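Take a look at the structure set out below.
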Amino acid sequence: MNTVEFRRLNAINQKELLAVLNEDKLRVHLIDHAYFDDNSLKHWVEAKLIVDSLPGCRVRAVCIEGKIAGWCGIQPDDHGYELAIVLSQKFWGLGISLFKILMRWANEFKHKEVLFHLLDTRPDYKVLSKIASRVIKTYQLGRSFNTYFIDVRRSLMDSI
C-alpha cells in the first residue's frame with residue numbers, strides 16, 4: 001500500500017511541485033495555460049491557499065511515498081463545490097483512492113453534492129456515471145468537460 005500524505009501547498013518543495021505541474025503528459029488533461037515558472041507558481045499557490053481558507057474548501061499537495069505526486073482539493077464552483085485531482089502520470093492509478101478521500105472530506109464539510117469536471121480528453125468513467133445524479137457537457141475557458149454531479153452521501157454508501 002502506498003503511503004499518502006496531504007500537505008499544505010506552501011509546506012512542500014516548490015521545485016518538485018513545479019516539475020509535476022509542468023509535465024506534458026499531465027497538461028494534456030488540463031485547461032491550456034502557460035508553463036509555470038517560479039513566479040507564476042508562487043501566485044498560483046497563493047491563490048490556492050486563499051481557496052483553502054474558504055468554508056467548505058480544502059486544497060492540499062498529494063505526497064506519495066514522500067514524493068510530490070500532485071494536488072487535490074474541494075474548491076468553489078459556479079454550481080457549488082468541485083473536486084480536483086491533478087496527479088503526475090506515474091501516480092494516475094491512485095486517482096480512485098484519492099477520489100474516495102475527497103468524498104469523505106466533502107461529507108465532513110456536509111456538502112450534499114459535488115461536481116467533478118473531467119476534460120473531454122478523458123474517457124467516460126462508468127463508476128462515476130453510476131454514482132452521479134447526472135452527467136452533462138460543460139464548457140470552461142474554451143474547453144469541453146464531462147461534468148459529473150455526485151451525491152456525496154450516496155457515493156459514500158456505494159462501493160466506488
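The chains in the C-alpha cells are called A, B, ... from first to last as shown; in each chain the residues are counted from 1, and the ligands are counted from 1 in the order shown.
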
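For region 45-74 of chain A, backbone-based DSSP labels the following residues as strand (DSSP E or B): A:Arg58, A:Val59, A:Arg60, A:Ala61, A:Val62, A:Cys63, A:Ile64, A:Lys67, A:Ile68, A:Ala69, A:Gly70, A:Trp71, A:Cys72, A:Gly73, A:Ile74.
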
Minimum-distance residue to Ser53 (chain A), chosen among A:Ile74, A:Ile136, A:Ala11, A:Val28 (using only C-alpha atoms):
A:Ile74

Tell me which protein, DNA and RNA residues are within 12 Å of Glu65 (chain A), counting only C-alpha atoms, leaving out same-chain ones fewer than 2 positions away, and put them as a VMD selection string.
chain A and resid 1 to 6 62 to 63 67 to 69 91

Generate a file of the selected residues that holds N, CA, C and O atoms, formatted as a compact mmCIF listing (two decimals), in the first residue's frame.
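As a result, part17.txt now contains:
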# COMPACT_ATOMS: atom_id res chain seq x y z
N MET A 1 0.85 -1.19 0.00
CA MET A 1 0.00 0.00 0.00
C MET A 1 0.89 1.24 0.00
O MET A 1 1.86 1.32 0.73
N ASN A 2 0.55 2.20 -0.81
CA ASN A 2 1.31 3.44 -0.89
C ASN A 2 0.95 4.35 0.28
O ASN A 2 -0.21 4.48 0.64
N THR A 3 1.96 5.00 0.85
CA THR A 3 1.74 5.96 1.92
C THR A 3 1.39 7.29 1.29
O THR A 3 2.18 7.85 0.53
N VAL A 4 0.18 7.77 1.58
CA VAL A 4 -0.29 9.04 1.03
C VAL A 4 -0.37 10.06 2.16
O VAL A 4 -0.92 9.77 3.23
N GLU A 5 0.20 11.22 1.93
CA GLU A 5 0.10 12.34 2.87
C GLU A 5 -0.44 13.55 2.13
O GLU A 5 -0.21 13.72 0.93
N PHE A 6 -1.16 14.38 2.87
CA PHE A 6 -1.68 15.63 2.33
C PHE A 6 -1.02 16.77 3.08
O PHE A 6 -1.06 16.80 4.31
N VAL A 62 -0.47 16.43 -2.73
CA VAL A 62 -0.51 14.99 -2.51
C VAL A 62 0.92 14.48 -2.55
O VAL A 62 1.64 14.69 -3.53
N CYS A 63 1.33 13.84 -1.47
CA CYS A 63 2.66 13.26 -1.39
C CYS A 63 2.50 11.75 -1.25
O CYS A 63 1.76 11.27 -0.38
N LYS A 67 7.15 11.58 -2.05
CA LYS A 67 7.35 12.35 -3.29
C LYS A 67 6.11 13.17 -3.60
O LYS A 67 4.98 12.73 -3.38
N ILE A 68 6.31 14.36 -4.14
CA ILE A 68 5.19 15.20 -4.57
C ILE A 68 4.56 14.53 -5.79
O ILE A 68 5.22 14.35 -6.82
N ALA A 69 3.29 14.17 -5.65
CA ALA A 69 2.58 13.48 -6.73
C ALA A 69 1.63 14.41 -7.47
O ALA A 69 1.19 14.11 -8.57
N PHE A 91 1.48 8.43 -11.10
CA PHE A 91 0.58 8.13 -9.98
C PHE A 91 -0.88 8.05 -10.41
O PHE A 91 -1.77 7.99 -9.57

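If you measure from each of A:Lys42, A:Arg60, A:Lys137, A:Arg153 to Asp124 (chain A) using only C-alpha atoms, the closest one turns out to be A:Lys137.
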
Just asking: which residues within region 8-152 of chain A are helix (DSSP H, G or I) according to DSSP, as a ChimeraX atom specification?
/A:9-11,14-21,24-27,38-52,89-108,126-131,152

Residues near Asp120 (chain A), cut-off 7 Å, only C-alpha atoms, skip fewer than 6 positions along chain, as a list in words:
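Once the nearby chain positions are removed, what remains is Ser144, Phe145 and Asn146 of chain A.
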
Keeping N, CA and C atoms, export the residues of the selection given above as a JSON list (two decimals), in the first residue's frame.
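Below is the file that was written, out.json:
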[["chain", "number", "residue", "atom", "x", "y", "z"],
["A", 144, "SER", "N", -14.09, 21.77, -23.40],
["A", 144, "SER", "CA", -15.27, 20.96, -23.13],
["A", 144, "SER", "C", -14.96, 19.93, -22.04],
["A", 145, "PHE", "N", -15.90, 19.79, -21.11],
["A", 145, "PHE", "CA", -15.75, 18.86, -20.00],
["A", 145, "PHE", "C", -16.96, 17.96, -19.90],
["A", 146, "ASN", "N", -16.75, 16.77, -19.37],
["A", 146, "ASN", "CA", -17.84, 15.93, -18.89],
["A", 146, "ASN", "C", -17.92, 16.24, -17.39]]

Skip Leu118 (chain A) itself and residues of its chain fewer than 3 positions away, then list as a PyMOL selection string all residues within 12 Å of it, counting only C-alpha atoms.
chain A and resi 28-31+82-86+115+121-125+128+135-140+143-149

Output the selection as a short mmCIF file (atom, residue, chain, number, x, y, z; two decimals), in the first residue's frame - C-alpha atoms for each residue.
data_model
loop_
_atom_site.label_atom_id
_atom_site.label_comp_id
_atom_site.auth_asym_id
_atom_site.auth_seq_id
_atom_site.Cartn_x
_atom_site.Cartn_y
_atom_site.Cartn_z
CA VAL A 28 -2.85 17.25 -21.93
CA HIS A 29 -5.75 16.76 -19.47
CA LEU A 30 -5.81 20.31 -18.10
CA ILE A 31 -7.06 23.64 -19.38
CA GLU A 82 -15.96 20.84 -7.29
CA LEU A 83 -13.40 18.13 -6.72
CA ALA A 84 -9.97 18.48 -8.26
CA ILE A 85 -7.37 15.75 -8.60
CA VAL A 86 -4.19 16.58 -10.51
CA LEU A 115 -19.05 18.27 -9.16
CA THR A 121 -9.80 14.14 -23.46
CA ARG A 122 -10.53 11.70 -20.65
CA PRO A 123 -12.62 8.56 -21.21
CA ASP A 124 -16.11 8.21 -19.77
CA TYR A 125 -15.95 6.59 -16.36
CA LEU A 128 -18.59 7.94 -11.91
CA VAL A 135 -23.59 13.90 -16.32
CA ILE A 136 -23.57 16.89 -18.66
CA LYS A 137 -21.21 18.59 -21.08
CA THR A 138 -19.91 21.88 -19.73
CA TYR A 139 -17.59 24.48 -21.20
CA GLN A 140 -14.99 26.45 -19.30
CA ARG A 143 -12.63 23.67 -23.32
CA SER A 144 -15.27 20.96 -23.13
CA PHE A 145 -15.75 18.86 -20.00
CA ASN A 146 -17.84 15.93 -18.89
CA THR A 147 -19.23 17.14 -15.57
CA TYR A 148 -20.42 14.58 -13.06
CA PHE A 149 -22.88 15.76 -10.38
#

With only C-alpha atoms as the basis for distance, which of A:Cys57, A:Leu87, A:Leu141, A:Ile101 is at the shortest distance from Asp24 (chain A)?
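That would be A:Leu87, the residue with the smallest distance to Asp24 (chain A).
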